[in-house]
>>> print(open('final.cif').read())   # mmCIF, C-alpha atoms
data_upload
#
loop_
_atom_site.label_atom_id
_atom_site.label_comp_id
_atom_site.auth_asym_id
_atom_site.auth_seq_id
_atom_site.Cartn_x
_atom_site.Cartn_y
_atom_site.Cartn_z
CA MET L 1 76.17 25.58 -98.08
CA ARG L 2 79.42 23.65 -98.06
CA PHE L 3 80.98 26.35 -95.86
CA VAL L 4 78.08 26.12 -93.40
CA ARG L 5 78.52 22.35 -93.13
CA TYR L 6 82.23 22.82 -92.52
CA LEU L 7 81.56 25.43 -89.83
CA LEU L 8 79.06 23.16 -88.10
CA LEU L 9 81.52 20.25 -88.17
CA LEU L 10 84.22 22.48 -86.71
CA CYS L 11 81.94 23.54 -83.86
CA LEU L 12 81.06 19.95 -83.08
CA THR L 13 84.69 18.89 -82.95
CA VAL L 14 85.87 21.78 -80.75
CA TYR L 15 83.01 22.38 -78.34
CA PRO L 16 82.86 18.90 -76.70
CA ALA L 17 86.29 19.44 -75.16
CA TYR L 18 84.69 21.92 -72.78
CA ALA L 19 81.02 20.88 -72.64
CA GLN L 20 79.58 19.25 -69.54
CA LEU L 21 77.77 16.10 -70.64
CA PRO L 22 74.35 15.46 -69.10
CA VAL L 23 74.10 12.94 -66.29
CA VAL L 24 71.88 9.98 -67.25
CA VAL L 25 69.46 9.07 -64.45
CA ASN L 26 69.17 5.35 -63.66
CA THR L 27 67.19 4.42 -60.57
CA SER L 28 66.45 0.73 -61.15
CA SER L 29 69.00 -0.66 -63.62
CA VAL L 30 72.40 0.07 -65.15
CA ALA L 31 74.77 -1.95 -67.34
CA ASN L 32 78.14 -1.87 -69.08
CA SER L 33 80.18 -4.39 -71.08
CA GLU L 34 80.97 -6.42 -67.95
CA TYR L 35 77.94 -6.30 -65.66
CA GLU L 36 74.20 -5.78 -65.58
CA VAL L 37 72.66 -4.48 -62.36
CA ASN L 38 68.92 -4.51 -61.61
CA LEU L 39 66.92 -3.45 -58.58
CA VAL L 40 64.75 -6.49 -57.83
CA ASN L 41 63.24 -5.75 -54.45
CA GLN L 42 62.81 -3.00 -51.87
CA THR L 43 61.48 -3.55 -48.36
CA PRO L 44 60.55 -0.88 -45.81
CA VAL L 45 62.69 -1.04 -42.69
CA ASP L 46 60.23 0.99 -40.58
CA PRO L 47 56.89 0.58 -42.41
CA GLU L 48 54.92 2.61 -39.85
CA ASN L 49 56.96 5.70 -40.63
CA PRO L 50 55.24 7.98 -43.22
CA GLU L 51 58.65 8.32 -44.90
CA PRO L 52 60.26 4.94 -44.16
CA TYR L 53 63.81 3.83 -44.67
CA TRP L 54 64.26 0.98 -47.16
CA GLU L 55 66.38 -2.04 -47.89
CA PHE L 56 67.30 -2.25 -51.58
CA GLU L 57 68.18 -5.62 -53.13
CA PHE L 58 70.11 -5.68 -56.41
CA GLU L 59 70.72 -8.57 -58.79
CA ILE L 60 74.21 -8.57 -60.32
CA ARG L 61 74.84 -10.53 -63.53
CA SER L 62 78.37 -11.05 -64.80
CA LYS L 63 78.16 -11.05 -68.60
CA ALA L 64 81.43 -12.93 -69.08
CA ARG L 65 80.71 -15.77 -66.61
CA GLY L 66 76.91 -15.69 -66.57
CA LYS L 67 77.09 -15.72 -62.77
CA ILE L 68 74.23 -14.08 -60.86
CA SER L 69 74.63 -12.71 -57.33
CA HIS L 70 72.70 -10.38 -55.02
CA ILE L 71 73.61 -7.48 -52.76
CA THR L 72 71.45 -5.55 -50.29
CA ILE L 73 72.06 -2.05 -48.98
CA GLY L 74 70.20 -0.13 -46.29
CA LYS L 75 70.09 -2.94 -43.74
CA PRO L 76 68.96 -1.79 -40.27
CA SER L 77 72.11 -3.29 -38.73
CA THR L 78 74.15 -0.53 -40.38
CA VAL L 79 72.59 2.75 -39.28
CA SER L 80 74.99 4.86 -41.31
CA THR L 81 73.63 3.39 -44.53
CA ARG L 82 69.90 3.81 -43.79
CA ILE L 83 68.39 5.32 -46.92
CA LYS L 84 64.99 6.51 -48.08
CA SER L 85 65.43 6.60 -51.84
CA ILE L 86 67.85 6.05 -54.72
CA THR L 87 68.40 8.92 -57.13
CA ASN L 88 70.96 7.39 -59.48
CA LEU L 89 73.08 4.34 -60.29
CA HIS L 90 76.49 4.59 -61.98
CA LEU L 91 78.71 1.75 -63.17
CA PHE L 92 82.39 1.98 -64.07
CA ASP L 93 84.35 -1.23 -64.72
CA GLY L 94 83.47 -3.38 -61.70
CA ASN L 95 82.49 -0.56 -59.35
CA LEU L 96 78.88 0.45 -58.69
CA PHE L 97 78.02 3.88 -57.26
CA ILE L 98 74.59 4.01 -55.63
CA VAL L 99 73.66 7.65 -55.13
CA GLU L 100 71.08 7.88 -52.41
CA GLY L 101 68.43 10.45 -51.57
CA LYS L 102 69.10 13.79 -49.94
CA ARG L 103 69.31 14.10 -46.20
CA ARG L 104 68.69 17.81 -45.83
CA ARG L 105 71.53 19.24 -47.94
CA ALA L 106 73.78 16.17 -47.94
CA ARG L 107 73.75 12.99 -49.98
CA THR L 108 75.07 9.52 -49.29
CA ILE L 109 76.79 7.21 -51.77
CA SER L 110 77.40 3.48 -51.41
CA VAL L 111 80.36 2.13 -53.38
CA VAL L 112 80.11 -1.58 -54.23
CA ASP L 113 82.89 -3.70 -55.73
CA LEU L 114 80.92 -6.08 -57.96
CA ARG L 115 83.86 -8.45 -58.30
CA ASP L 116 83.38 -9.64 -54.72
CA GLY L 117 79.89 -8.22 -54.10
CA LYS L 118 80.83 -6.22 -51.04
CA ASP L 119 79.71 -2.80 -49.88
CA VAL L 120 83.24 -1.41 -49.77
CA ASN L 121 82.72 2.25 -48.97
CA HIS L 122 80.09 4.68 -47.81
CA LEU L 123 80.33 8.43 -48.49
CA TRP L 124 78.55 11.39 -46.96
CA CYS L 125 78.97 14.40 -49.20
CA TYR L 126 77.66 17.57 -50.80
CA LYS L 127 77.47 18.55 -54.48
CA GLN L 128 78.68 15.25 -55.95
CA ALA L 129 79.59 15.55 -59.64
CA PRO L 130 80.76 12.67 -61.86
CA SER L 131 83.23 13.24 -64.67
CA PRO L 132 81.92 12.57 -68.21
CA SER L 133 83.02 8.91 -68.18
CA LYS L 134 81.86 8.52 -64.52
CA ARG L 135 85.39 7.37 -63.62
CA PHE L 136 86.06 10.33 -61.32
CA TRP L 137 83.72 11.78 -58.72
CA VAL L 138 84.32 15.14 -57.10
CA PHE L 139 82.34 16.26 -54.08
CA GLN L 140 82.46 18.42 -51.00
CA LYS L 141 83.32 16.76 -47.70
CA PHE L 142 80.43 16.37 -45.28
CA PHE L 143 80.76 18.11 -41.94
CA THR L 144 78.36 18.37 -39.04
CA TYR L 145 75.95 21.26 -39.54
CA GLY L 146 77.17 24.48 -37.94
CA SER L 147 80.76 23.26 -37.44
CA PRO L 148 83.35 26.06 -37.66
CA THR L 149 85.47 24.65 -40.45
CA THR L 150 86.32 25.02 -44.12
CA SER L 151 84.98 23.48 -47.34
CA VAL L 152 87.14 20.54 -48.40
CA VAL L 153 86.84 19.14 -51.93
CA LEU L 154 87.52 15.42 -52.40
CA CYS L 155 87.93 13.21 -55.45
CA TYR L 156 87.26 9.49 -55.91
CA ASP L 157 88.73 7.38 -58.74
CA MET L 158 86.46 4.43 -59.55
CA LYS L 159 89.25 2.73 -61.47
CA LYS L 160 91.27 2.37 -58.28
CA LEU L 161 90.73 -0.08 -55.46
CA PRO L 162 89.01 1.46 -52.42
CA ARG L 163 92.21 1.55 -50.35
CA GLU L 164 94.02 3.30 -53.22
CA ASN L 165 91.59 6.22 -52.87
CA LEU L 166 92.77 6.86 -49.32
CA THR L 167 95.60 9.03 -48.03
CA PRO L 168 98.14 7.71 -45.48
CA GLU L 169 95.76 9.24 -42.91
CA GLY L 170 93.07 6.81 -44.09
CA GLN L 171 90.92 9.58 -45.60
CA LEU L 172 89.54 10.13 -49.08
CA THR L 173 91.84 12.16 -51.32
CA PRO L 174 91.55 15.97 -50.91
CA ILE L 175 92.14 18.12 -54.00
CA TYR L 176 91.28 21.51 -52.43
CA PRO L 177 92.23 23.67 -50.56
CA GLY L 178 96.00 23.50 -50.86
CA GLU L 179 96.54 23.25 -47.11
CA CYS L 180 94.50 20.03 -46.99
CA VAL L 181 96.29 18.64 -50.05
CA ALA L 182 99.69 19.28 -48.45
CA ALA L 183 98.62 17.69 -45.17
CA GLY L 184 96.82 14.77 -46.85
CA SER L 185 94.02 15.40 -44.40
CA HIS L 186 90.50 16.85 -44.31
CA TYR L 187 91.21 18.73 -41.09
CA VAL L 188 93.75 21.56 -41.00
CA ARG L 189 93.09 23.54 -37.85
CA GLU L 190 95.15 26.55 -38.92
CA LEU L 191 92.65 27.32 -41.68
CA TRP L 192 90.04 28.65 -39.31
CA ASP L 193 91.26 28.74 -35.75
CA VAL L 194 94.29 30.92 -35.05
CA THR L 195 95.16 33.04 -38.12
CA PRO L 196 95.33 36.72 -37.04
CA GLY L 197 93.47 39.30 -39.10
CA PRO L 198 94.53 42.90 -39.85
CA ASP L 199 92.73 44.14 -36.72
CA GLY L 200 94.59 41.71 -34.50
CA LYS L 201 91.58 39.45 -34.09
CA SER L 202 91.83 35.80 -35.00
CA ILE L 203 89.93 34.29 -37.90
CA SER L 204 88.07 32.12 -35.39
CA ALA L 205 86.74 35.23 -33.67
CA VAL L 206 85.30 36.41 -36.99
CA LEU L 207 83.85 33.00 -37.79
CA LYS L 208 82.13 32.59 -34.44
CA ARG L 209 79.94 35.58 -35.23
CA ARG L 210 78.42 33.73 -38.18
CA PRO L 211 75.58 31.18 -38.14
CA HIS L 212 77.45 28.92 -40.62
CA PRO L 213 81.13 29.87 -40.39
CA TRP L 214 83.52 29.07 -43.24
CA TYR L 215 87.03 30.14 -44.15
CA HIS L 216 86.83 28.57 -47.63
CA GLY L 217 83.26 28.01 -48.78
CA VAL L 218 82.37 26.35 -52.12
CA THR L 219 79.46 28.35 -53.57
CA SER L 220 78.73 26.70 -56.93
CA PRO L 221 78.35 23.25 -58.49
CA PHE L 222 81.50 21.54 -59.76
CA LEU L 223 82.21 21.69 -63.50
CA TRP L 224 84.35 19.05 -65.24
CA SER L 225 86.19 19.50 -68.52
CA HIS L 226 85.37 16.84 -71.10
CA ASP L 227 88.91 15.41 -70.91
CA GLU L 228 88.42 14.93 -67.13
CA ARG L 229 91.58 16.83 -66.29
CA GLN L 230 90.08 20.07 -64.96
CA VAL L 231 87.51 20.89 -62.28
CA VAL L 232 86.19 24.46 -61.98
CA PHE L 233 84.04 26.01 -59.24
CA LEU L 234 83.46 29.18 -57.20
CA CYS L 235 84.70 29.53 -53.64
CA VAL L 236 84.27 32.32 -51.11
CA HIS L 237 87.42 33.18 -49.14
CA LEU L 238 87.58 35.18 -45.95
CA ILE L 239 90.08 37.96 -46.70
CA GLN L 240 90.89 40.86 -44.37
CA GLY L 241 87.62 40.58 -42.52
CA HIS L 242 85.29 40.32 -45.52
CA ASP L 243 84.25 37.71 -48.04
CA ARG L 244 85.42 37.60 -51.62
CA THR L 245 84.43 35.05 -54.23
CA HIS L 246 87.21 33.36 -56.20
CA ILE L 247 87.03 31.24 -59.32
CA VAL L 248 89.08 28.08 -58.83
CA ARG L 249 90.50 25.57 -61.30
CA VAL L 250 92.01 22.30 -60.10
CA ASP L 251 94.24 20.52 -62.63
CA LEU L 252 94.19 16.73 -62.16
CA SER L 253 96.43 15.89 -65.12
CA GLY L 254 99.01 14.38 -62.76
CA GLY L 255 96.45 12.28 -60.90
CA ILE L 256 93.98 13.04 -58.13
CA ASP L 257 96.77 12.73 -55.54
CA LYS L 258 98.79 15.49 -57.27
CA PRO L 259 96.34 18.33 -57.92
CA LYS L 260 97.49 21.75 -59.08
CA ILE L 261 95.32 24.59 -57.82
CA PHE L 262 94.78 27.89 -59.64
CA SER L 263 92.62 30.60 -58.09
CA ARG L 264 91.67 34.16 -59.00
CA PRO L 265 89.58 36.67 -57.00
CA ILE L 266 86.51 37.94 -58.84
CA LEU L 267 86.54 41.71 -58.95
CA ILE L 268 82.99 43.01 -58.79
CA THR L 269 82.65 45.92 -61.22
CA SER L 270 79.68 47.93 -62.42
CA ASP L 271 79.48 45.61 -65.47
CA PHE L 272 78.31 42.84 -63.13
CA VAL L 273 75.60 44.93 -61.50
CA LYS L 274 71.96 45.21 -62.58
CA PRO L 275 71.14 48.59 -64.20
CA GLU L 276 68.72 49.59 -61.43
CA TYR L 277 71.45 49.24 -58.80
CA LYS L 278 74.35 50.91 -60.61
CA LYS L 279 73.80 54.33 -59.06
CA ARG L 280 74.11 52.80 -55.61
CA PHE L 281 77.17 50.81 -56.49
CA GLN L 282 80.78 51.93 -56.35
CA ALA L 283 83.27 49.62 -58.01
CA GLU L 284 85.97 48.12 -55.81
CA THR L 285 88.62 49.69 -58.03
CA LEU L 286 87.47 53.18 -56.98
CA THR L 287 87.90 52.83 -53.23
CA ASP L 288 90.34 51.45 -50.69
CA LYS L 289 87.45 50.08 -48.64
CA PRO L 290 85.37 47.80 -50.84
CA LYS L 291 81.66 48.38 -50.41
CA TYR L 292 80.67 45.03 -51.86
CA LYS L 293 82.06 42.78 -49.15
CA LYS L 294 79.73 39.83 -49.44
CA GLY L 295 80.81 36.93 -51.59
CA PHE L 296 78.28 35.49 -54.03
CA GLY L 297 77.27 32.03 -55.13
CA ALA L 298 76.04 30.42 -58.34
CA ASP L 299 73.27 27.90 -59.00
CA ALA L 300 74.86 26.69 -62.26
CA ILE L 301 78.16 26.90 -64.12
CA GLU L 302 78.98 25.89 -67.71
CA TRP L 303 81.78 26.24 -70.26
CA LEU L 304 81.71 28.89 -72.96
CA ASP L 305 85.13 27.89 -74.29
CA SER L 306 88.47 26.72 -72.90
CA THR L 307 89.09 29.99 -71.04
CA GLN L 308 85.63 31.21 -69.96
CA VAL L 309 82.63 29.98 -68.03
CA LYS L 310 79.10 31.32 -67.63
CA VAL L 311 77.62 31.26 -64.15
CA LYS L 312 74.00 31.66 -63.13
CA VAL L 313 74.05 33.80 -60.00
CA ASP L 314 72.07 32.69 -56.96
CA PRO L 315 68.94 34.92 -56.93
CA HIS L 316 69.62 35.87 -53.30
CA TYR L 317 72.34 38.20 -54.61
CA ARG L 318 69.91 40.75 -56.02
CA LEU L 319 72.60 43.34 -56.82
CA LEU L 320 74.19 41.18 -59.52
CA LYS L 321 73.03 40.29 -63.00
CA GLN L 322 71.47 36.87 -63.44
CA GLU L 323 74.36 35.59 -65.59
CA LEU L 324 78.05 36.50 -65.47
CA ILE L 325 80.93 35.60 -67.79
CA LEU L 326 84.12 34.74 -65.89
CA HIS L 327 87.65 33.97 -67.07
CA VAL L 328 89.11 30.72 -65.78
CA PRO L 329 92.54 31.06 -64.10
#
>>> encode(input="final.cif", output="structure tokens")
Amino acid sequence: MRFVRYLLLLCLTVYPAYAQLPVVVNTSSVANSEYEVNLVNQTPVDPENPEPYWEFEFEIRSKARGKISHITIGKPSTVSTRIKSITNLHLFDGNLFIVEGKRRRARTISVVDLRDGKDVNHLWCYKQAPSPSKRFWVFQKFFTYGSPTTSVVLCYDMKKLPRENLTPEGQLTPIYPGECVAAGSHYVRELWDVTPGPDGKSISAVLKRRPHPWYHGVTSPFLWSHDERQVVFLCVHLIQGHDRTHIVRVDLSGGIDKPKIFSRPILITSDFVKPEYKKRFQAETLTDKPKYKKGFGADAIEWLDSTQVKVKVDPHYRLLKQELILHVP
């Protein structure tokens, strides 16, 4: 019995380093040691619309000074911040993140500095994921639907002032892909426009044949390590005319402005394939021309330990097993 207790204690002390903590949902109030924030009023901007946009008024109470102030987001004068619903509130130090409802596949986030009560930033993004302490937020850059471009992963540090989260180009900090990190910019034309392929055709020629063209395409949620130094995800790369999924780890130990990127292609073998499809499948290692050219995506990703993750494969990829175990680079 004593051994069992010891083993349980050991598991509890080791596992949290790699577990992804659940995100607490707050839609009307949130508080920390400095501030208390409450939603006190919401008014429809276009009440005749069956799904109206809303103004949301929040009451901010400073616990140290006892001062009460109010902020309102979603005013009709600022079209870019028109919102229909709030899905979560997050508070870190004096910064409030208001995560707003989905607009098709994208989300919007209003960042408010509670020390001066101003709406200081407004983010359009995909797949936002807070770190365990909510200090860091990683998300995919929003682009116009159908644009021929590449997935760009950005990171926001709530402990920094808004201007400190910007590159010299005035953009939010990119942490992936490496070309964007080196340029300090979300837009690197060479990624998708002029790179020649093995057949002499440019990458852009390949991309234009696709309904939603990507050169790098993030295909999973983002997974944080508990120490907030690592972000892991899947990304499809266009390689030699076909797609291949990679597992990517971004090391942020040196700060979000100095990311280190590690990437490994995922070799699809018969171990990954459902039993009923194995006879029709030929592993990539057995041929010079891979038969399985289509990259795959995942609906969920979680830590098994410090070196492995388990991914839940998107059901659209019927050839593959529902869950795969992958080694982190």
>>> residues_around(input="final.cif", residues="Lys310 of chain L", least_positions_apart="2", cutoff="8 Å", atoms="all atoms listed in the file", output="list in words")
Ile301, Glu302, Trp303, Leu304, Gln308, Lys312, Glu323, Leu324, Ile325 and Leu326 of chain L
>>> residues_around(input="final.cif", residues="His327 of chain L", least_positions_apart="5", cutoff="10 Å", atoms="all atoms listed in the file", output="ChimeraX atom specification")
/L:247,264,266,304-310
>>> write_last_selection(input="final.cif", atoms="C-alpha atoms", output="PDB file, keeping the file's coordinate frame")
ATOM      1  CA  ILE L 247      87.030  31.240 -59.320  1.00  0.00           C
ATOM      2  CA  ARG L 264      91.670  34.160 -59.000  1.00  0.00           C
ATOM      3  CA  ILE L 266      86.510  37.940 -58.840  1.00  0.00           C
ATOM      4  CA  LEU L 304      81.710  28.890 -72.960  1.00  0.00           C
ATOM      5  CA  ASP L 305      85.130  27.890 -74.290  1.00  0.00           C
ATOM      6  CA  SER L 306      88.470  26.720 -72.900  1.00  0.00           C
ATOM      7  CA  THR L 307      89.090  29.990 -71.040  1.00  0.00           C
ATOM      8  CA  GLN L 308      85.630  31.210 -69.960  1.00  0.00           C
ATOM      9  CA  VAL L 309      82.630  29.980 -68.030  1.00  0.00           C
ATOM     10  CA  LYS L 310      79.100  31.320 -67.630  1.00  0.00           C
TER      11      LYS L 310
END
>>> closest_residue(input="final.cif", among="L:Ile98, L:Leu114, L:Leu252, L:Val30", to="Ser69 of chain L", atoms="only C-alpha atoms")
L:Leu114
>>> closest_residue(input="final.cif", among="L:Phe233, L:Trp224, L:Phe272, L:Trp54", to="His246 of chain L", atoms="all atoms listed in the file")
L:Phe233
>>> closest_residue(input="final.cif", among="L:Ala183, L:Ile256, L:Leu39, L:Leu89", to="Arg229 of chain L", atoms="all atoms listed in the file")
L:Ile256
>>> resolve_selection(input="final.cif", expression="the PyMOL selection byres ((chain L and resi 55) around 6)", output="PyMOL selection string")
chain L and resi 42-43+54+56+73-75
>>> atom_distance(input="final.cif", atom1="atom CA of Gly94 of chain L", atom2="atom CA of Gly170 of chain L")
22.5 Å
>>> residues_near_point(input="final.cif", point="(80.6, -8.5, -56.6)", cutoff="10 Å", atoms="all atoms listed in the file", output="list in words")
Tyr35, Ile60, Arg61, Ser62, Ile68, Ser69, His70, Ile71, Gly94, Asn95, Leu96, Val112, Asp113, Leu114, Arg115, Asp116, Gly117, Lys118 and Asp119 of chain L
>>> write_last_selection(input="final.cif", atoms="C-alpha atoms", output="PDB file, keeping the file's coordinate frame")
ATOM      1  CA  TYR L  35      77.940  -6.300 -65.660  1.00  0.00           C
ATOM      2  CA  ILE L  60      74.210  -8.570 -60.320  1.00  0.00           C
ATOM      3  CA  ARG L  61      74.840 -10.530 -63.530  1.00  0.00           C
ATOM      4  CA  SER L  62      78.370 -11.050 -64.800  1.00  0.00           C
ATOM      5  CA  ILE L  68      74.230 -14.080 -60.860  1.00  0.00           C
ATOM      6  CA  SER L  69      74.630 -12.710 -57.330  1.00  0.00           C
ATOM      7  CA  HIS L  70      72.700 -10.380 -55.020  1.00  0.00           C
ATOM      8  CA  ILE L  71      73.610  -7.480 -52.760  1.00  0.00           C
ATOM      9  CA  GLY L  94      83.470  -3.380 -61.700  1.00  0.00           C
ATOM     10  CA  ASN L  95      82.490  -0.560 -59.350  1.00  0.00           C
ATOM     11  CA  LEU L  96      78.880   0.450 -58.690  1.00  0.00           C
ATOM     12  CA  VAL L 112      80.110  -1.580 -54.230  1.00  0.00           C
ATOM     13  CA  ASP L 113      82.890  -3.700 -55.730  1.00  0.00           C
ATOM     14  CA  LEU L 114      80.920  -6.080 -57.960  1.00  0.00           C
ATOM     15  CA  ARG L 115      83.860  -8.450 -58.300  1.00  0.00           C
ATOM     16  CA  ASP L 116      83.380  -9.640 -54.720  1.00  0.00           C
ATOM     17  CA  GLY L 117      79.890  -8.220 -54.100  1.00  0.00           C
ATOM     18  CA  LYS L 118      80.830  -6.220 -51.040  1.00  0.00           C
ATOM     19  CA  ASP L 119      79.710  -2.800 -49.880  1.00  0.00           C
TER      20      ASP L 119
END
>>> residues_near_point(input="final.cif", point="(85.6, 13.0, -68.6)", cutoff="8 Å", atoms="all atoms listed in the file", output="list in words")
Ser131, Pro132, Ser133, Lys134, Arg135, Phe136, Trp224, Ser225, His226, Asp227, Glu228 and Arg229 of chain L
>>> atom_distance(input="final.cif", atom1="atom CA of Val138 of chain L", atom2="atom CA of Glu36 of chain L")
24.7 Å
